[in-house]
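Enquirer: Below is the file data32.txt, which contains compact mmCIF, C-alpha atoms and all ligand atoms.
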```txt
# COMPACT_ATOMS: atom_id res chain seq x y z
CA MET A 250 12.13 13.71 5.46
CA THR A 251 12.22 10.79 3.06
CA HIS A 252 15.61 9.41 2.10
CA SER A 253 16.72 10.71 -1.30
CA LEU A 254 16.95 7.13 -2.64
CA ARG A 255 13.23 6.67 -2.28
CA LYS A 256 10.67 8.59 -4.34
CA PRO A 257 7.61 9.33 -2.20
CA LEU A 258 4.49 7.38 -3.10
CA ILE A 259 0.91 8.27 -2.23
CA ALA A 260 -1.75 5.68 -3.05
CA GLY A 261 -5.50 6.16 -2.88
CA ASN A 262 -7.52 3.07 -1.94
CA TRP A 263 -11.06 3.67 -3.16
CA LYS A 264 -12.23 0.37 -1.61
CA MET A 265 -15.76 -0.73 -2.63
CA HIS A 266 -16.87 2.86 -3.28
CA LEU A 267 -17.68 4.74 -6.48
CA THR A 268 -19.46 3.72 -9.64
CA LEU A 269 -17.77 3.70 -13.01
CA THR A 270 -18.85 7.27 -13.75
CA GLU A 271 -17.78 8.49 -10.31
CA SER A 272 -14.42 6.73 -10.64
CA VAL A 273 -13.69 8.34 -14.00
CA ARG A 274 -14.64 11.77 -12.63
CA LEU A 275 -12.42 11.41 -9.57
CA ALA A 276 -9.48 10.12 -11.64
CA ARG A 277 -9.77 13.17 -13.93
CA GLU A 278 -9.83 15.53 -10.96
CA VAL A 279 -6.75 13.95 -9.39
CA LEU A 280 -4.90 13.85 -12.69
CA GLY A 281 -5.44 17.58 -13.16
CA GLY A 282 -3.50 18.42 -9.98
CA ALA A 283 -1.02 15.61 -9.45
CA PRO A 284 2.64 16.57 -8.85
CA HIS A 285 5.57 14.91 -10.65
CA LYS A 286 7.93 14.61 -7.70
CA VAL A 287 5.65 12.04 -6.05
CA ASP A 288 4.41 8.70 -7.39
CA VAL A 289 0.62 8.87 -7.24
CA VAL A 290 -1.33 5.60 -7.51
CA LEU A 291 -5.11 5.22 -7.74
CA CYS A 292 -6.74 1.91 -6.75
CA PRO A 293 -10.37 1.88 -7.96
CA PRO A 294 -12.75 -1.10 -7.73
CA PHE A 295 -12.02 -3.84 -10.31
CA THR A 296 -14.97 -2.84 -12.51
CA ALA A 297 -13.59 0.68 -12.98
CA LEU A 298 -9.98 -0.34 -13.75
CA PRO A 299 -10.22 -0.22 -17.58
CA ALA A 300 -12.02 3.13 -17.62
CA VAL A 301 -9.63 4.71 -15.11
CA ALA A 302 -6.69 3.25 -17.07
CA GLU A 303 -7.98 5.16 -20.09
CA VAL A 304 -8.08 8.43 -18.11
CA LEU A 305 -4.54 7.89 -16.79
CA ARG A 306 -3.02 6.75 -20.09
CA ASN A 307 0.31 8.55 -20.78
CA SER A 308 0.11 10.37 -17.49
CA PRO A 309 2.42 10.14 -14.47
CA VAL A 310 -0.44 8.86 -12.29
CA GLN A 311 -0.40 5.07 -12.03
CA LEU A 312 -3.12 2.47 -11.74
CA GLY A 313 -3.33 -0.08 -8.93
CA ALA A 314 -5.72 -2.86 -7.97
CA GLN A 315 -6.95 -3.62 -4.47
CA ASP A 316 -6.27 -7.36 -4.52
CA MET A 317 -5.72 -10.35 -6.82
CA PHE A 318 -5.59 -14.15 -6.74
CA TRP A 319 -2.25 -15.99 -6.84
CA GLU A 320 -2.96 -18.30 -9.81
CA SER A 321 -2.56 -16.70 -13.23
CA HIS A 322 -5.62 -18.40 -14.81
CA GLY A 323 -7.90 -21.39 -14.40
CA ALA A 324 -11.16 -22.55 -12.85
CA TYR A 325 -11.32 -20.09 -9.95
CA THR A 326 -14.76 -18.55 -10.28
CA GLY A 327 -14.94 -14.94 -9.24
CA GLU A 328 -11.18 -14.36 -8.96
CA VAL A 329 -8.99 -11.89 -10.83
CA SER A 330 -5.33 -12.64 -11.58
CA SER A 331 -2.08 -10.79 -12.14
CA LEU A 332 -2.52 -11.36 -15.89
CA HIS A 333 -5.89 -9.61 -15.81
CA LEU A 334 -4.42 -6.70 -13.89
CA LYS A 335 -1.54 -6.32 -16.34
CA ASP A 336 -3.99 -6.63 -19.20
CA VAL A 337 -5.94 -3.57 -18.03
CA GLY A 338 -2.82 -1.50 -17.35
CA CYS A 339 -2.20 -1.90 -13.62
CA ARG A 340 1.29 -1.24 -12.36
CA TYR A 341 0.58 -1.74 -8.63
CA VAL A 342 -1.49 -4.11 -6.51
CA LEU A 343 -2.47 -3.81 -2.84
CA LEU A 344 -1.98 -7.11 -1.04
CA GLY A 345 -3.01 -8.11 2.48
CA HIS A 346 -5.09 -5.06 3.32
CA SER A 347 -6.41 -5.54 6.85
CA GLU A 348 -9.98 -5.61 5.54
CA ARG A 349 -9.06 -8.61 3.39
CA ARG A 350 -7.36 -10.31 6.31
CA ARG A 351 -10.29 -9.59 8.62
CA TYR A 352 -13.36 -10.18 6.43
CA PHE A 353 -11.96 -12.74 3.99
CA GLY A 354 -9.53 -14.62 6.21
CA GLU A 355 -6.49 -13.84 4.11
CA THR A 356 -3.32 -15.32 5.63
CA ASP A 357 0.37 -14.48 5.51
CA GLN A 358 0.98 -17.79 3.68
CA GLN A 359 -1.54 -16.85 0.97
CA LEU A 360 0.09 -13.44 0.70
CA GLN A 361 3.43 -15.09 0.03
CA LYS A 362 1.85 -16.73 -3.05
CA LYS A 363 0.22 -13.49 -4.15
CA ILE A 364 3.51 -11.59 -3.90
CA HIS A 365 5.14 -14.32 -5.95
CA ALA A 366 2.50 -13.91 -8.67
CA ALA A 367 2.79 -10.11 -8.61
CA VAL A 368 6.58 -10.14 -8.91
CA ALA A 369 6.40 -12.67 -11.76
CA GLN A 370 4.15 -10.28 -13.72
CA ASN A 371 6.19 -7.17 -12.88
CA LEU A 372 3.39 -5.74 -10.78
CA VAL A 373 4.55 -3.69 -7.79
CA PRO A 374 3.15 -5.32 -4.63
CA ILE A 375 2.07 -2.97 -1.85
CA LEU A 376 2.11 -5.38 1.10
CA CYS A 377 -0.06 -4.12 3.97
CA VAL A 378 0.90 -5.04 7.52
CA GLY A 379 -0.13 -3.76 10.93
CA GLU A 380 -1.28 -4.63 14.41
CA THR A 381 -4.75 -4.50 15.98
CA LEU A 382 -5.47 -2.37 19.05
CA GLU A 383 -5.35 -5.44 21.30
CA GLU A 384 -1.98 -6.42 19.88
CA ARG A 385 -0.61 -2.91 20.44
CA GLN A 386 -1.91 -2.83 23.98
CA ALA A 387 -0.29 -6.20 24.62
CA GLU A 388 2.99 -4.74 23.28
CA GLN A 389 2.94 -7.19 20.38
CA THR A 390 3.31 -4.62 17.59
CA PHE A 391 6.84 -5.57 16.55
CA ALA A 392 6.15 -9.30 16.89
CA VAL A 393 3.10 -8.98 14.62
CA LEU A 394 4.98 -6.96 12.01
CA GLU A 395 7.84 -9.45 12.07
CA ARG A 396 5.51 -12.45 11.64
CA GLN A 397 3.54 -10.81 8.83
CA LEU A 398 6.62 -9.68 6.91
CA ILE A 399 8.78 -12.76 7.39
CA THR A 400 6.00 -15.18 6.44
CA ALA A 401 4.80 -13.23 3.40
CA LEU A 402 8.33 -12.63 2.14
CA THR A 403 9.79 -16.10 2.77
CA GLY A 404 11.85 -17.48 -0.08
CA PHE A 405 12.36 -14.21 -1.97
CA ASN A 406 15.77 -12.80 -2.77
CA PRO A 407 16.61 -9.06 -2.75
CA ILE A 408 16.33 -8.82 -6.55
CA GLN A 409 12.77 -10.19 -6.48
CA LEU A 410 11.91 -7.74 -3.73
CA SER A 411 13.47 -4.72 -5.39
CA SER A 412 10.13 -3.17 -6.33
CA LEU A 413 8.35 -4.13 -3.07
CA VAL A 414 6.40 -1.45 -1.21
CA VAL A 415 5.34 -2.05 2.41
CA ALA A 416 2.35 -0.21 3.90
CA TYR A 417 2.36 -0.03 7.68
CA GLU A 418 -1.32 0.29 8.57
CA PRO A 419 -2.18 -0.06 12.26
CA VAL A 420 -5.65 -1.62 12.15
CA TRP A 421 -6.90 0.67 14.94
CA ALA A 422 -6.16 3.70 12.77
CA ILE A 423 -7.92 2.56 9.57
CA GLY A 424 -11.15 4.40 8.95
CA THR A 425 -11.37 5.40 12.61
CA GLY A 426 -10.17 9.00 12.44
CA ARG A 427 -7.52 7.97 14.96
CA THR A 428 -4.11 8.46 13.33
CA ALA A 429 -0.86 7.05 14.71
CA THR A 430 1.33 9.85 16.00
CA PRO A 431 4.30 10.61 13.76
CA GLN A 432 6.51 9.08 16.48
CA GLN A 433 4.47 5.85 16.65
CA ALA A 434 4.56 5.59 12.86
CA GLN A 435 8.31 6.30 12.68
CA GLU A 436 9.04 3.68 15.34
CA ALA A 437 7.15 1.02 13.35
CA HIS A 438 8.68 2.10 10.04
CA ARG A 439 12.18 1.97 11.48
CA PHE A 440 11.45 -1.52 12.78
CA VAL A 441 10.27 -2.61 9.32
CA ARG A 442 13.38 -1.20 7.67
CA GLU A 443 15.73 -2.79 10.20
CA LEU A 444 13.99 -6.12 9.74
CA LEU A 445 14.38 -5.88 5.96
CA ALA A 446 18.06 -4.99 6.44
CA ARG A 447 18.65 -7.99 8.72
CA GLN A 448 16.94 -10.44 6.35
CA TRP A 449 17.75 -9.08 2.89
CA GLY A 450 20.61 -6.63 3.39
CA ASP A 451 20.93 -2.88 3.75
CA PRO A 452 20.73 -1.92 0.05
CA LEU A 453 17.28 -3.48 -0.24
CA ALA A 454 16.12 -2.02 3.08
CA GLN A 455 17.22 1.45 1.97
CA SER A 456 15.36 1.22 -1.33
CA VAL A 457 12.03 -0.27 -0.19
CA ARG A 458 9.36 2.38 0.29
CA VAL A 459 7.42 2.07 3.53
CA LEU A 460 4.07 3.88 3.46
CA TYR A 461 1.94 4.82 6.43
CA GLY A 462 -1.82 4.21 6.32
CA GLY A 463 -4.54 4.95 8.85
CA SER A 464 -6.70 8.08 8.83
CA VAL A 465 -4.23 10.14 6.80
CA LYS A 466 -5.70 13.57 6.16
CA ALA A 467 -4.71 16.93 4.71
CA ASP A 468 -3.96 18.22 8.20
CA ASN A 469 -1.71 15.39 9.40
CA ILE A 470 0.22 14.37 6.27
CA ASP A 471 2.96 17.01 6.66
CA ALA A 472 3.91 15.94 10.19
CA LEU A 473 3.90 12.27 9.18
CA MET A 474 6.04 12.88 6.10
CA ALA A 475 8.57 14.80 8.18
CA GLU A 476 9.62 11.48 9.77
CA ARG A 477 12.74 9.87 8.37
CA ASP A 478 11.39 6.44 7.49
CA LEU A 479 8.00 7.47 6.09
CA ASP A 480 8.09 7.32 2.32
CA GLY A 481 4.48 8.07 1.59
CA ALA A 482 0.95 7.12 2.49
CA LEU A 483 -1.88 4.73 1.70
CA VAL A 484 -5.04 6.80 1.93
CA GLY A 485 -8.57 5.44 2.25
CA GLY A 486 -11.44 7.80 3.07
CA GLU A 487 -9.67 11.01 2.13
CA SER A 488 -8.68 9.66 -1.30
CA LEU A 489 -12.36 9.93 -2.31
CA LYS A 490 -12.30 13.71 -1.82
CA PRO A 491 -10.38 15.38 -4.64
CA ALA A 492 -9.33 18.54 -2.78
CA ALA A 493 -8.20 16.66 0.32
CA PHE A 494 -6.35 14.02 -1.70
CA LEU A 495 -4.60 16.65 -3.81
CA ARG A 496 -3.49 18.46 -0.66
CA ILE A 497 -2.12 15.14 0.63
CA VAL A 498 -0.13 14.43 -2.54
CA HIS A 499 1.26 17.98 -2.32
CA PHE A 500 2.52 17.38 1.23
CA HIS A 501 5.24 19.63 2.68
CA ALA A 502 7.90 17.71 4.57
C1 LIG A 601 -6.87 2.17 4.08
O1 LIG A 601 -7.95 1.76 3.64
O2 LIG A 601 -5.84 1.60 3.76
C2 LIG A 601 -6.90 3.32 4.98
C3 LIG A 601 -5.77 3.67 5.52
O3 LIG A 601 -8.12 3.93 5.21
P1 LIG A 601 -8.34 5.36 5.93
O4 LIG A 601 -7.37 6.33 5.31
O5 LIG A 601 -9.75 5.70 5.65
O6 LIG A 601 -8.04 5.16 7.39
```
Could I get this structure in the form of structure tokens?

Expert:
Amino acid sequence: MTHSLRKPLIAGNWKMHLTLTESVRLAREVLGGAPHKVDVVLCPPFTALPAVAEVLRNSPVQLGAQDMFWESHGAYTGEVSSLHLKDVGCRYVLLGHSERRRYFGETDQQLQKKIHAAVAQNLVPILCVGETLEERQAEQTFAVLERQLITALTGFNPIQLSSLVVAYEPVWAIGTGRTATPQQAQEAHRFVRELLARQWGDPLAQSVRVLYGGSVKADNIDALMAERDLDGALVGGESLKPAAFLRIVHFHA
């Protein structure tokens, strides 16, 4: 059961799915059934952000982007900045999703710059970390999490990190239908929280929300959310299905 200091957060990552019309329809369906006791965040493709922002206006459901560049403006053809995201009404931004690391070569050092840009614009960064199957089998899970977190968060003080959200997403569980067991997830989440406590102090570690991501579904969310250090979920495939996503945001812990 989530610590009372931390409001649960469930984010839907729509990835490169859905047209503008489909995005607006899905946002309306989610909005109609979203609870208040949980922060719900929708992350549509960039092109749908303004239209989904319009649907979510004055509602408790928040808008997030799936990535951004670290410079605020300039000659960077094809990139989107923190200023653009604020301009269309984003409150959150996913950073370092494993698909970005894997297909676009995103590094922990680049993520440090992106987090800096997000914090400067008052965007809530959802920093995604997690090990591959090979790394887990080689018992490198904690070492990978430590490297990813320490490098991306170098140079920040606890005040700058006060809004930070971490998403623990084991790469082998993303889009595979293979979910981490609640015990595996809890072990990784506890490690993340202890690392944050060692580096930035206990008050920060107790307030940072650590989400689990990797094949979260309506039938496994309750068991995951029953674990002490799980504060919510980052949901991919199931966030595209309104009934399943609404069941997830109405989890019972
Ligand atoms: C994700 O994209 O972050 C994710 C966890 O995907 P899925 O829920 O489909 O595994």

Enquirer: Which of these residues is nearest to ligand LIG 601 (chain A), using only C-alpha atoms and all ligand atoms: A:Ala401, A:Val368, A:Ala475, A:Cys292?

Expert: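 Closest to ligand LIG 601 (chain A) of all the choices is A:Cys292.
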
Enquirer: Residues at most 12 Å from Thr356 (chain A), counting only C-alpha atoms, excluding those fewer than 3 positions away in the same chain, as a list in words?

Expert: Leu344, Gly345, His346, Ser347, Glu348, Arg349, Arg350, Arg351, Tyr352, Phe353, Gln359, Leu360, Gln361, Lys362, Lys363, Cys377, Val378, Arg396, Gln397, Leu398, Thr400 and Ala401 of chain A

Enquirer: Could you tell me which of A:Gln315, A:Asn307, A:Ser331, A:Gln386 comes closest to ligand LIG 601 (chain A) if we count all atoms listed in the file?

Expert: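 Comparing A:Gln315, A:Asn307, A:Ser331, A:Gln386 against ligand LIG 601 (chain A), the winner is A:Gln315.
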
Enquirer: Distance CA of Ile497 (chain A)-CA of Val459 (chain A), one decimal place?

Expert: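 Separation of CA of Ile497 (chain A) and CA of Val459 (chain A): 16.4 Å.
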
Enquirer: My list of candidates is A:Val498, A:Met265, A:Leu291, A:Val393. Which is closest to Val441 (chain A) when distances are computed with all atoms listed in the file?

Expert: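 Closest residue, counting all atoms listed in the file: A:Val393.
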
Enquirer: Compute the set of protein, DNA and RNA residues whose minimum atom distance to ligand LIG 601 (chain A) is at most 9 Å, using all atoms listed in the file, and state it as a count of residues only.

Expert: 34

Enquirer: Within 7 Å of region 269-283 of chain A, which residues of region 288-313 of chain A come that close, and what is the closest atom pair and distance in Å for each? Count all atoms listed in the file and give it as a tab-separated table.

Expert:
```
residue	atom	partner	partner_atom	distance
A:Pro293	CA	A:Ser272	CA	6.9
A:Ala297	CA	A:Leu269	CA	5.2
A:Ala300	CA	A:Val273	CA	6.6
A:Val301	CA	A:Val273	CA	5.6
A:Val304	CA	A:Arg277	CA	6.5
A:Val310	CA	A:Leu280	CA	6.7
```

Enquirer: Please determine an axis-aligned box that encloses all atoms of region 322-327 of chain A listed in the file, with 3 Å added on each side, and express its centre and edge lengths in Å to one decimal as AutoDock Vina command-line options.

Expert:
```
--center_x -10.3 --center_y -18.7 --center_z -12.0 --size_x 15.3 --size_y 13.6 --size_z 11.6
```

Enquirer: Choose the residue, out of A:Val414, A:Leu473, A:Ile408, A:Phe295, that has the smallest atom-to-atom separation from Gln433 (chain A); count only C-alpha atoms.

Expert: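 Under the stated criterion, the closest residue is A:Leu473.
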
Enquirer: Go ahead and compute the interatomic distance for CA of Ser330 (chain A) and CA of Leu489 (chain A), in Å to one decimal.

Expert: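 For CA of Ser330 (chain A) relative to CA of Leu489 (chain A), the distance reads 25.4 Å.
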
Enquirer: Restricting the calculation to only C-alpha atoms: of A:Ala429, A:Ile259, A:Leu343, A:Leu413, which residue gets closest to Gln455 (chain A)?

Expert: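 Smallest distance to Gln455 (chain A) is found for A:Leu413.
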
Enquirer: In terms of the shortest atom-to-atom distance over only C-alpha atoms, which of A:Asp468, A:Ile364, A:Leu479, A:Asp451 is closest to Glu436 (chain A)?

Expert: A:Leu479

Enquirer: Do you have the CA of Leu376 (chain A)-CA of Pro299 (chain A) distance handy?

Expert: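 Result for CA of Leu376 (chain A) versus CA of Pro299 (chain A): 23.0 Å, one decimal.
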
Enquirer: Mind checking which residues fall within 8 Å of Ala367 (chain A), counting only C-alpha atoms, ignoring those fewer than 5 positions away in the same chain, and posting them as a ChimeraX atom specification?

Expert: /A:319,331,342,372-374

Enquirer: Could you dump the residues just selected with C-alpha atoms as a PDB file, keeping the file's coordinate frame?

Expert:
```pdb
ATOM      1  CA  TRP A 319      -2.250 -15.990  -6.840  1.00  0.00           C
ATOM      2  CA  SER A 331      -2.080 -10.790 -12.140  1.00  0.00           C
ATOM      3  CA  VAL A 342      -1.490  -4.110  -6.510  1.00  0.00           C
ATOM      4  CA  LEU A 372       3.390  -5.740 -10.780  1.00  0.00           C
ATOM      5  CA  VAL A 373       4.550  -3.690  -7.790  1.00  0.00           C
ATOM      6  CA  PRO A 374       3.150  -5.320  -4.630  1.00  0.00           C
TER       7      PRO A 374
END
```

Enquirer: Please determine the residues with any atom at most 9 Å from (4.1, 19.8, 3.5) (coordinates as given in the file, with all atoms listed in the file counting) and report them as a list in words.

Expert: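 Answer for this query, in the requested form: Ile470, Asp471, Ala472, Met474, Ala475, Arg496, Ile497, His499, Phe500, His501 and Ala502 of chain A.
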